[in-house]
$ cat entry11.txt   # compact mmCIF, C-alpha atoms and all ligand atoms
# COMPACT_ATOMS: atom_id res chain seq x y z
CA MET S 128 32.12 -10.34 -4.86
CA GLU S 129 35.42 -8.79 -5.80
CA THR S 130 35.93 -5.10 -5.39
CA GLU S 131 36.37 -2.95 -8.46
CA PRO S 132 40.02 -2.05 -7.74
CA GLU S 133 40.77 -5.79 -7.56
CA LEU S 134 39.02 -6.42 -10.86
CA LEU S 135 40.89 -3.55 -12.50
CA GLU S 136 44.18 -4.86 -11.19
CA ARG S 137 43.39 -8.20 -12.78
CA LEU S 138 42.29 -6.52 -15.99
CA ARG S 139 45.63 -4.72 -16.15
CA ASP S 140 47.25 -8.14 -15.96
CA GLY S 141 45.19 -9.27 -18.95
CA ASP S 142 42.80 -11.45 -16.97
CA GLU S 143 39.88 -12.43 -19.21
CA GLU S 144 37.65 -13.46 -16.32
CA ALA S 145 37.93 -9.99 -14.82
CA PHE S 146 36.90 -8.53 -18.17
CA VAL S 147 33.84 -10.78 -18.34
CA MET S 148 32.83 -9.79 -14.81
CA LEU S 149 33.00 -6.10 -15.71
CA VAL S 150 31.03 -6.75 -18.88
CA ASP S 151 28.34 -8.55 -16.88
CA ARG S 152 28.14 -5.65 -14.50
CA TYR S 153 28.11 -2.76 -16.95
CA GLN S 154 27.16 -3.82 -20.45
CA GLN S 155 23.39 -3.31 -20.06
CA PRO S 156 23.59 0.00 -18.15
CA MET S 157 25.99 1.26 -20.82
CA LEU S 158 23.67 0.21 -23.63
CA ARG S 159 20.78 1.96 -21.96
CA LEU S 160 22.69 5.19 -21.64
CA ALA S 161 24.10 4.96 -25.16
CA CYS S 162 20.59 4.48 -26.56
CA THR S 163 19.68 7.95 -25.29
CA MET S 164 22.48 9.51 -27.36
CA VAL S 165 22.49 7.84 -30.74
CA PRO S 166 19.80 7.19 -33.33
CA SER S 167 19.68 3.39 -33.20
CA ARG S 168 20.36 0.35 -31.09
CA ALA S 169 23.05 -0.77 -33.56
CA VAL S 170 24.98 2.48 -33.13
CA ALA S 171 24.58 2.23 -29.36
CA GLU S 172 26.11 -1.24 -29.44
CA GLU S 173 28.99 0.09 -31.49
CA ALA S 174 29.58 2.87 -28.97
CA VAL S 175 29.59 0.38 -26.10
CA GLN S 176 31.96 -1.94 -27.92
CA ASP S 177 34.31 0.96 -28.65
CA THR S 178 34.17 1.85 -24.98
CA TRP S 179 35.25 -1.63 -23.90
CA MET S 180 38.12 -1.49 -26.34
CA GLY S 181 39.09 1.86 -24.83
CA VAL S 182 38.92 0.35 -21.36
CA VAL S 183 41.03 -2.69 -22.22
CA ARG S 184 43.66 -0.57 -23.91
CA GLY S 185 43.52 2.31 -21.45
CA VAL S 186 43.13 0.57 -18.10
CA HIS S 187 46.81 0.98 -17.27
CA ARG S 188 46.27 4.74 -17.54
CA PHE S 189 43.29 4.75 -15.18
CA GLU S 190 44.57 6.19 -11.93
CA GLY S 191 41.49 5.87 -9.77
CA ARG S 192 41.05 9.60 -9.28
CA SER S 193 37.43 9.17 -10.28
CA SER S 194 35.42 6.01 -9.69
CA PHE S 195 35.74 3.37 -12.39
CA LYS S 196 32.05 3.79 -13.18
CA THR S 197 32.49 7.52 -13.79
CA TRP S 198 35.51 6.89 -16.01
CA LEU S 199 33.66 4.19 -17.93
CA PHE S 200 30.53 6.25 -18.54
CA ARG S 201 32.58 9.22 -19.52
CA ILE S 202 34.38 7.24 -22.22
CA LEU S 203 31.01 5.97 -23.38
CA VAL S 204 29.50 9.44 -23.61
CA ASN S 205 32.47 10.62 -25.69
CA ARG S 206 32.24 7.63 -28.04
CA ALA S 207 28.49 7.94 -28.40
CA ARG S 208 28.75 11.64 -29.18
CA SER S 209 31.47 11.11 -31.73
CA LEU S 210 29.38 8.44 -33.48
CA GLY S 211 26.84 11.02 -34.51
CA THR S 212 24.49 12.18 -31.91
CA SER S 213 20.78 12.64 -32.24
CA GLU S 214 20.97 14.73 -29.13
CA GLN S 215 21.16 18.49 -29.39
CA ARG S 216 24.02 19.17 -27.06
CA TYR S 217 24.06 22.90 -27.24
CA VAL S 218 20.40 23.56 -26.70
CA PRO S 219 20.27 25.14 -23.26
CA VAL S 220 18.35 23.40 -20.51
CA ASP S 221 14.90 24.92 -20.17
CA PRO S 222 14.88 26.64 -16.79
CA GLY S 223 11.08 26.44 -16.54
CA PRO S 224 9.22 24.60 -13.79
CA ALA S 225 9.08 20.81 -13.53
CA VAL S 226 5.56 20.73 -12.18
CA ASP S 227 2.82 21.87 -14.55
CA PRO S 228 1.83 25.44 -13.50
CA GLY S 229 -1.78 24.44 -14.13
CA ARG S 230 -1.66 22.40 -10.95
CA PHE S 231 -1.51 25.58 -8.85
CA ASP S 232 -3.95 28.39 -8.10
CA ALA S 233 -3.24 32.08 -8.53
CA ALA S 234 -1.57 32.23 -5.10
CA GLY S 235 0.79 29.37 -5.99
CA ALA S 236 -0.95 26.79 -3.78
CA TRP S 237 -1.96 23.34 -5.07
CA ALA S 238 -5.33 23.69 -6.81
CA GLU S 239 -6.21 20.07 -5.99
CA PRO S 240 -4.89 18.20 -2.95
CA VAL S 241 -1.95 15.84 -3.52
CA GLU S 242 -3.31 12.43 -2.61
CA PRO S 243 -0.73 10.47 -0.66
CA TRP S 244 0.11 7.12 -2.19
CA ALA S 245 -1.21 4.25 -0.16
CA ASP S 246 2.19 2.76 0.42
CA ALA S 247 4.65 5.56 -0.21
CA SER S 248 6.39 4.94 3.10
CA ASP S 249 6.80 1.26 2.19
CA ALA S 250 8.01 2.04 -1.31
CA ARG S 251 11.24 0.18 -0.80
CA LEU S 252 9.35 -2.99 0.04
CA ASP S 253 6.90 -2.66 -2.80
CA ALA S 254 9.30 -1.24 -5.34
CA ALA S 255 9.26 -4.49 -7.32
CA ALA S 256 5.56 -4.05 -7.95
CA TRP S 257 6.28 -0.67 -9.48
CA ALA S 258 9.23 -1.66 -11.62
CA PRO S 259 7.19 -2.09 -14.84
CA ALA S 260 5.52 1.34 -14.50
CA ILE S 261 8.83 3.01 -13.70
CA LYS S 262 10.60 1.25 -16.58
CA ALA S 263 7.96 2.33 -19.07
CA ALA S 264 8.05 5.90 -17.78
CA LEU S 265 11.86 5.94 -17.97
CA ASP S 266 11.73 4.93 -21.61
CA GLY S 267 9.32 7.78 -22.29
CA LEU S 268 11.52 10.53 -20.82
CA PRO S 269 13.25 13.03 -23.10
CA PRO S 270 16.86 11.87 -23.70
CA ARG S 271 18.66 14.33 -21.46
CA GLN S 272 16.35 13.70 -18.53
CA ARG S 273 16.72 9.98 -19.08
CA GLN S 274 20.51 10.22 -19.11
CA VAL S 275 20.60 12.05 -15.80
CA VAL S 276 18.08 9.85 -14.03
CA LEU S 277 19.74 6.65 -15.29
CA LEU S 278 23.11 7.78 -13.97
CA ARG S 279 21.85 9.25 -10.70
CA ASP S 280 18.93 7.12 -9.56
CA VAL S 281 19.54 3.84 -11.38
CA GLU S 282 23.35 3.70 -11.33
CA GLY S 283 23.82 5.68 -8.15
CA LEU S 284 26.41 8.20 -9.35
CA SER S 285 26.66 11.45 -7.39
CA GLY S 286 25.55 14.76 -8.84
CA SER S 287 29.10 15.89 -9.48
CA GLU S 288 29.96 12.57 -11.13
CA VAL S 289 26.98 12.93 -13.44
CA SER S 290 27.88 16.48 -14.33
CA ALA S 291 31.42 15.29 -15.18
CA VAL S 292 30.18 12.33 -17.23
CA LEU S 293 27.71 14.37 -19.27
CA GLY S 294 29.68 17.61 -19.38
CA ILE S 295 26.83 19.71 -17.96
CA SER S 296 26.73 22.03 -14.96
CA LEU S 297 25.66 20.75 -11.55
CA GLY S 298 22.67 23.08 -11.67
CA ASN S 299 21.48 21.81 -15.06
CA GLN S 300 22.05 18.28 -13.90
CA ARG S 301 19.68 18.94 -10.98
CA LEU S 302 17.09 20.70 -13.17
CA LEU S 303 16.98 17.71 -15.52
CA LEU S 304 16.89 15.27 -12.63
CA HIS S 305 14.04 17.05 -10.92
CA ARG S 306 12.04 17.14 -14.12
CA ALA S 307 12.64 13.46 -14.68
CA ARG S 308 11.65 12.52 -11.12
CA ASN S 309 8.53 14.63 -11.39
CA ARG S 310 7.51 12.82 -14.57
CA LEU S 311 8.15 9.44 -12.99
CA ARG S 312 6.03 10.54 -10.05
CA GLU S 313 3.23 11.48 -12.42
CA ALA S 314 3.50 8.10 -14.11
CA VAL S 315 3.14 6.26 -10.81
CA THR S 316 0.23 8.48 -9.81
CA ALA S 317 -1.45 7.77 -13.15
CA ALA S 318 -0.88 4.06 -12.61
CA GLY S 319 -2.91 4.26 -9.44
CA GLY S 320 -0.42 5.20 -6.76
CA ARG S 321 -0.79 1.92 -4.96
CA ALA S 322 0.60 -1.54 -5.39
CA MET B 116 1.89 31.38 14.83
CA ARG B 117 3.06 32.28 11.35
CA VAL B 118 5.84 34.80 11.19
CA LEU B 119 6.54 36.94 8.14
CA PRO B 120 4.09 35.20 5.82
CA ARG B 121 5.21 37.30 2.88
CA HIS B 122 8.58 35.58 3.09
CA ASP B 123 7.11 32.09 3.07
CA LEU B 124 7.44 29.90 0.05
CA HIS B 125 4.30 28.97 -1.74
CA CYS B 126 3.68 25.43 -2.97
CA GLN B 127 4.67 26.11 -6.56
CA GLN B 128 8.08 27.33 -5.39
CA ALA B 129 8.52 24.60 -2.79
CA VAL B 130 8.03 21.69 -5.19
CA GLU B 131 10.70 23.03 -7.52
CA LEU B 132 13.22 22.92 -4.67
CA VAL B 133 12.74 19.26 -3.79
CA THR B 134 15.69 17.82 -5.70
CA ASP B 135 17.96 20.66 -4.56
CA TYR B 136 16.81 19.98 -1.01
CA LEU B 137 17.52 16.24 -1.26
CA ASP B 138 20.95 17.01 -2.75
CA GLY B 139 21.81 19.35 0.12
CA ALA B 140 22.15 22.14 -2.43
CA LEU B 141 19.98 24.73 -0.70
CA SER B 142 21.42 27.54 1.40
CA ARG B 143 20.64 27.29 5.10
CA ARG B 144 18.03 29.99 4.76
CA GLN B 145 16.36 28.30 1.78
CA ARG B 146 16.45 24.98 3.56
CA ARG B 147 14.73 26.43 6.63
CA ARG B 148 12.02 28.00 4.50
CA PHE B 149 11.54 24.79 2.58
CA GLU B 150 11.31 22.65 5.70
CA ALA B 151 8.94 25.12 7.36
CA HIS B 152 6.65 25.01 4.34
CA VAL B 153 6.62 21.23 4.03
CA LYS B 154 5.97 20.81 7.74
CA ASP B 155 2.81 22.89 7.48
CA CYS B 156 1.65 21.77 4.04
CA PRO B 157 0.19 18.27 3.66
CA ASN B 158 0.24 18.58 -0.15
CA CYS B 159 3.91 19.42 -0.47
CA SER B 160 4.70 16.93 2.25
CA ALA B 161 2.96 14.23 0.16
CA TYR B 162 4.81 15.44 -2.94
CA LEU B 163 8.18 15.19 -1.18
CA GLU B 164 7.34 11.71 0.10
CA GLN B 165 6.37 10.62 -3.41
CA ILE B 166 9.57 11.92 -4.95
CA GLN B 167 11.54 10.01 -2.32
CA ALA B 168 9.47 6.91 -3.10
CA VAL B 169 10.17 7.38 -6.83
CA ILE B 170 13.91 7.56 -6.12
CA ALA B 171 13.74 4.33 -4.12
CA MET B 172 11.72 2.61 -6.85
CA THR B 173 14.00 3.81 -9.63
CA GLY B 174 16.99 2.49 -7.73
CA THR B 175 15.58 -1.03 -7.96
CA VAL B 176 15.16 -0.95 -11.76
CA HIS B 177 17.90 -3.10 -13.15
CA PRO B 178 18.52 -3.85 -16.75
CA GLU B 179 17.95 -7.36 -17.99
CA ASP B 180 20.79 -9.81 -17.72
CA LEU B 181 23.31 -9.93 -20.49
CA SER B 182 22.70 -12.66 -23.04
CA PRO B 183 25.35 -15.41 -23.21
CA GLN B 184 25.78 -14.59 -26.91
CA ALA B 185 26.64 -10.95 -26.20
CA ARG B 186 29.09 -12.03 -23.51
CA ASP B 187 30.78 -14.48 -25.90
CA ASP B 188 31.02 -11.86 -28.63
CA LEU B 189 32.71 -9.43 -26.29
CA THR B 190 35.06 -12.09 -24.97
CA THR B 191 36.14 -12.85 -28.53
CA LEU B 192 36.78 -9.16 -29.11
CA TYR B 193 38.70 -8.97 -25.85
CA ARG B 194 41.12 -11.64 -27.09
CA ARG B 195 41.58 -9.72 -30.30
CA TRP B 196 42.18 -6.41 -28.51
CA ARG B 197 44.71 -8.03 -26.26
CA GLY B 198 46.40 -9.67 -29.22
CA ASP B 199 46.58 -6.32 -30.98
CA ASP B 200 47.92 -4.58 -27.95
CA PRO B 201 51.48 -3.55 -28.70
CA GLY B 202 52.16 -2.96 -24.98
ZN ZN D 401 2.78 23.46 -0.18
$ encode --input "entry11.txt" --output "structure tokens"
Amino acid sequence: METEPELLERLRDGDEEAFVMLVDRYQQPMLRLACTMVPSRAVAEEAVQDTWMGVVRGVHRFEGRSSFKTWLFRILVNRARSLGTSEQRYVPVDPGPAVDPGRFDAAGAWAEPVEPWADASDARLDAAAWAPAIKAALDGLPPRQRQVVLLRDVEGLSGSEVSAVLGISLGNQRLLLHRARNRLREAVTAAGGRA
Amino acid sequence: MRVLPRHDLHCQQAVELVTDYLDGALSRRQRRRFEAHVKDCPNCSAYLEQIQAVIAMTGTVHPEDLSPQARDDLTTLYRRWRGDDPG
């Protein structure tokens, strides 16, 4: 597989095949992220299409100071927000706990033991079995948590890349991420905690 | 032997630090307290393991493949954008 700098070099030269390869790689992740920011699938598609146009026309200005992925998602976030966002950008992130306080006793210890999952240590091997539960739980997350977890844990961006893409502080990025992971954990636990 | 128990984290505090811990965002002191708690606490140890499992599982979730129709539509647009490009 070609490296991203090679693909971008070809895209700068107007190579259609390079464009198609980038589209294959990023179209669906972009749509997913855009869907968390706009009111409908149609608007999300418009935001993604605008982003590709921005990439094709702006690729000669991309200097590689950030990763291509970060640059791409950042353009997308800007387009999605300008297309009328359903997201309330300026509502501060709730600094409250991720784990329901009802799970703890008065001394702050777990009220009920945390049952280890049967195969938590083999999660990588059995991850495929959990994909449907995780996917459903992802779709049920509040938009800002979903944005962060999609970029961090699905797309593999770093914390600082995510904070740059979404325009939020590193600390808020981590708060949202932890809340999202905790909810995904609860979803897997509810689904039985074993494959 | 437990030293300075009043300075120990309790579970409710420890679980909120998990993502910071995994990101290497805790101070050395916080990290030591966190690790000391998890070492002695089977519940928080299980919680940490489950969060790590969730991260691994989430990393394997990939969106569906792009439909050939969507790819064709974008390719058509690409030709138009290039054609429009004054540069
Ligand atoms: Zn504990």
$ closest_atom_pairs --input "entry11.txt" --of "chain S" --to "ligand ZN 401 (chain D)" --cutoff "10 Å" --atoms "only C-alpha atoms and all ligand atoms" --output "JSON lines"
{"residue": "S:Phe231", "atom": "CA", "partner": "D:ZN401", "partner_atom": "ZN", "distance": 9.9}
{"residue": "S:Gly235", "atom": "CA", "partner": "D:ZN401", "partner_atom": "ZN", "distance": 8.5}
{"residue": "S:Ala236", "atom": "CA", "partner": "D:ZN401", "partner_atom": "ZN", "distance": 6.2}
{"residue": "S:Trp237", "atom": "CA", "partner": "D:ZN401", "partner_atom": "ZN", "distance": 6.8}
{"residue": "S:Pro240", "atom": "CA", "partner": "D:ZN401", "partner_atom": "ZN", "distance": 9.7}
{"residue": "S:Val241", "atom": "CA", "partner": "D:ZN401", "partner_atom": "ZN", "distance": 9.6}
$ interface_residues --input "entry11.txt" --of "chain S" --to "chain B" --cutoff "8 Å" --atoms "all atoms listed in the file" --output "count of residues only"
49
$ atom_distance --input "entry11.txt" --atom1 "atom CA of S:Phe200" --atom2 "atom CA of S:Ala263"
22.9 Å
$ closest_residue --input "entry11.txt" --among "B:Gly198, B:Thr191, B:Ala151, B:Tyr136" --to "B:Leu163" --atoms "only C-alpha atoms"
B:Tyr136
$ axis_aligned_box --input "entry11.txt" --around "stretch 144-157 of chain B" --padding-each-side "6 Å" --output "lines of an AutoDock Vina configuration file"
center_x = 9.1
center_y = 24.1
center_z = 4.8
size_x = 29.8
size_y = 23.7
size_z = 18.0
$ atom_distance --input "entry11.txt" --atom1 "atom CA of S:Leu268" --atom2 "atom CA of S:Met164"
12.8 Å
$ residues_around --input "entry11.txt" --residues "S:Arg139" --least-positions-apart "2" --cutoff "10 Å" --atoms "all atoms listed in the file" --output "PDB file with C-alpha atoms, in the frame of the given file"
ATOM      1  CA  GLU S 133      40.770  -5.790  -7.560  1.00  0.00           C
ATOM      2  CA  LEU S 134      39.020  -6.420 -10.860  1.00  0.00           C
ATOM      3  CA  LEU S 135      40.890  -3.550 -12.500  1.00  0.00           C
ATOM      4  CA  GLU S 136      44.180  -4.860 -11.190  1.00  0.00           C
ATOM      5  CA  ARG S 137      43.390  -8.200 -12.780  1.00  0.00           C
ATOM      6  CA  GLY S 141      45.190  -9.270 -18.950  1.00  0.00           C
ATOM      7  CA  ASP S 142      42.800 -11.450 -16.970  1.00  0.00           C
ATOM      8  CA  ALA S 145      37.930  -9.990 -14.820  1.00  0.00           C
ATOM      9  CA  PHE S 146      36.900  -8.530 -18.170  1.00  0.00           C
ATOM     10  CA  VAL S 182      38.920   0.350 -21.360  1.00  0.00           C
ATOM     11  CA  VAL S 183      41.030  -2.690 -22.220  1.00  0.00           C
ATOM     12  CA  ARG S 184      43.660  -0.570 -23.910  1.00  0.00           C
ATOM     13  CA  GLY S 185      43.520   2.310 -21.450  1.00  0.00           C
ATOM     14  CA  VAL S 186      43.130   0.570 -18.100  1.00  0.00           C
ATOM     15  CA  HIS S 187      46.810   0.980 -17.270  1.00  0.00           C
ATOM     16  CA  ARG S 188      46.270   4.740 -17.540  1.00  0.00           C
ATOM     17  CA  PHE S 189      43.290   4.750 -15.180  1.00  0.00           C
TER      18      PHE S 189
END
$ atom_distance --input "entry11.txt" --atom1 "atom CA of S:Ala238" --atom2 "atom CA of S:Val276"
28.1 Å
$ residues_around --input "entry11.txt" --residues "S:Leu199" --least-positions-apart "3" --cutoff "8 Å" --atoms "all atoms listed in the file" --output "PyMOL selection string"
chain S and resi 178+182+195-196+202-203
$ closest_residue --input "entry11.txt" --among "S:Ala260, S:Ala245, S:Leu293, S:Val220" --to "S:Arg201" --atoms "only C-alpha atoms"
S:Leu293
$ closest_residue --input "entry11.txt" --among "S:Arg159, S:Asp177, S:Asp266, S:Arg306" --to "S:Asp227" --atoms "only C-alpha atoms"
S:Arg306
$ build_atoms --input "entry11.txt" --residues "stretch 161-172 of chain B" --atoms "all heavy atoms" --output "mmCIF file, in the coordinates of the input"
data_model
loop_
_atom_site.group_PDB
_atom_site.id
_atom_site.type_symbol
_atom_site.label_atom_id
_atom_site.label_comp_id
_atom_site.auth_asym_id
_atom_site.auth_seq_id
_atom_site.Cartn_x
_atom_site.Cartn_y
_atom_site.Cartn_z
ATOM 1 N N ALA B 161 3.253 15.435 0.947
ATOM 2 C CA ALA B 161 2.960 14.230 0.160
ATOM 3 C C ALA B 161 3.828 14.201 -1.102
ATOM 4 O O ALA B 161 4.348 13.147 -1.489
ATOM 5 C CB ALA B 161 1.480 14.176 -0.209
ATOM 6 N N TYR B 162 3.985 15.364 -1.718
ATOM 7 C CA TYR B 162 4.810 15.440 -2.940
ATOM 8 C C TYR B 162 6.239 15.009 -2.638
ATOM 9 O O TYR B 162 6.826 14.187 -3.352
ATOM 10 C CB TYR B 162 4.772 16.871 -3.498
ATOM 11 C CG TYR B 162 5.585 17.031 -4.766
ATOM 12 C CD1 TYR B 162 5.010 16.844 -6.016
ATOM 13 C CD2 TYR B 162 6.940 17.361 -4.706
ATOM 14 C CE1 TYR B 162 5.752 16.976 -7.179
ATOM 15 C CE2 TYR B 162 7.697 17.494 -5.867
ATOM 16 C CZ TYR B 162 7.101 17.296 -7.097
ATOM 17 O OH TYR B 162 7.849 17.419 -8.239
ATOM 18 N N LEU B 163 6.803 15.545 -1.564
ATOM 19 C CA LEU B 163 8.180 15.190 -1.180
ATOM 20 C C LEU B 163 8.299 13.684 -0.926
ATOM 21 O O LEU B 163 9.234 13.032 -1.395
ATOM 22 C CB LEU B 163 8.600 15.981 0.065
ATOM 23 C CG LEU B 163 9.950 15.613 0.689
ATOM 24 C CD1 LEU B 163 11.105 15.865 -0.294
ATOM 25 C CD2 LEU B 163 10.191 16.415 1.981
ATOM 26 N N GLU B 164 7.317 13.145 -0.205
ATOM 27 C CA GLU B 164 7.340 11.710 0.100
ATOM 28 C C GLU B 164 7.280 10.890 -1.191
ATOM 29 O O GLU B 164 7.955 9.870 -1.328
ATOM 30 C CB GLU B 164 6.137 11.384 0.996
ATOM 31 C CG GLU B 164 6.257 10.066 1.714
ATOM 32 C CD GLU B 164 5.091 9.852 2.675
ATOM 33 O OE1 GLU B 164 3.928 9.893 2.219
ATOM 34 O OE2 GLU B 164 5.342 9.650 3.871
ATOM 35 N N GLN B 165 6.495 11.358 -2.149
ATOM 36 C CA GLN B 165 6.370 10.620 -3.410
ATOM 37 C C GLN B 165 7.650 10.687 -4.241
ATOM 38 O O GLN B 165 8.040 9.705 -4.867
ATOM 39 C CB GLN B 165 5.168 11.153 -4.205
ATOM 40 C CG GLN B 165 3.851 10.731 -3.552
ATOM 41 C CD GLN B 165 2.644 11.473 -4.092
ATOM 42 O OE1 GLN B 165 2.758 12.323 -4.971
ATOM 43 N NE2 GLN B 165 1.479 11.147 -3.558
ATOM 44 N N ILE B 166 8.301 11.839 -4.224
ATOM 45 C CA ILE B 166 9.570 11.920 -4.950
ATOM 46 C C ILE B 166 10.595 10.977 -4.306
ATOM 47 O O ILE B 166 11.336 10.264 -5.000
ATOM 48 C CB ILE B 166 10.107 13.381 -4.979
ATOM 49 C CG1 ILE B 166 9.208 14.270 -5.852
ATOM 50 C CG2 ILE B 166 11.556 13.423 -5.478
ATOM 51 C CD1 ILE B 166 9.270 14.017 -7.357
ATOM 52 N N GLN B 167 10.611 10.938 -2.986
ATOM 53 C CA GLN B 167 11.540 10.010 -2.320
ATOM 54 C C GLN B 167 11.191 8.561 -2.644
ATOM 55 O O GLN B 167 12.089 7.735 -2.841
ATOM 56 C CB GLN B 167 11.499 10.242 -0.799
ATOM 57 C CG GLN B 167 12.190 11.542 -0.416
ATOM 58 C CD GLN B 167 12.006 11.896 1.045
ATOM 59 O OE1 GLN B 167 10.889 11.923 1.557
ATOM 60 N NE2 GLN B 167 13.110 12.187 1.726
ATOM 61 N N ALA B 168 9.886 8.265 -2.738
ATOM 62 C CA ALA B 168 9.470 6.910 -3.100
ATOM 63 C C ALA B 168 9.903 6.590 -4.539
ATOM 64 O O ALA B 168 10.373 5.482 -4.824
ATOM 65 C CB ALA B 168 7.949 6.767 -2.962
ATOM 66 N N VAL B 169 9.761 7.572 -5.427
ATOM 67 C CA VAL B 169 10.170 7.380 -6.830
ATOM 68 C C VAL B 169 11.676 7.081 -6.906
ATOM 69 O O VAL B 169 12.107 6.195 -7.647
ATOM 70 C CB VAL B 169 9.815 8.626 -7.682
ATOM 71 C CG1 VAL B 169 10.650 8.681 -8.945
ATOM 72 C CG2 VAL B 169 8.330 8.614 -8.030
ATOM 73 N N ILE B 170 12.459 7.791 -6.112
ATOM 74 C CA ILE B 170 13.910 7.560 -6.120
ATOM 75 C C ILE B 170 14.213 6.130 -5.673
ATOM 76 O O ILE B 170 15.011 5.425 -6.293
ATOM 77 C CB ILE B 170 14.629 8.587 -5.229
ATOM 78 C CG1 ILE B 170 14.439 10.001 -5.793
ATOM 79 C CG2 ILE B 170 16.121 8.253 -5.099
ATOM 80 C CD1 ILE B 170 14.819 11.115 -4.827
ATOM 81 N N ALA B 171 13.529 5.702 -4.616
ATOM 82 C CA ALA B 171 13.740 4.330 -4.120
ATOM 83 C C ALA B 171 13.330 3.306 -5.180
ATOM 84 O O ALA B 171 14.045 2.337 -5.432
ATOM 85 C CB ALA B 171 12.959 4.118 -2.827
ATOM 86 N N MET B 172 12.198 3.548 -5.829
ATOM 87 C CA MET B 172 11.720 2.610 -6.850
ATOM 88 C C MET B 172 12.674 2.573 -8.045
ATOM 89 O O MET B 172 12.983 1.509 -8.582
ATOM 90 C CB MET B 172 10.344 3.031 -7.378
ATOM 91 C CG MET B 172 9.210 2.926 -6.388
ATOM 92 S SD MET B 172 7.690 3.462 -7.247
ATOM 93 C CE MET B 172 6.838 4.304 -5.948
#
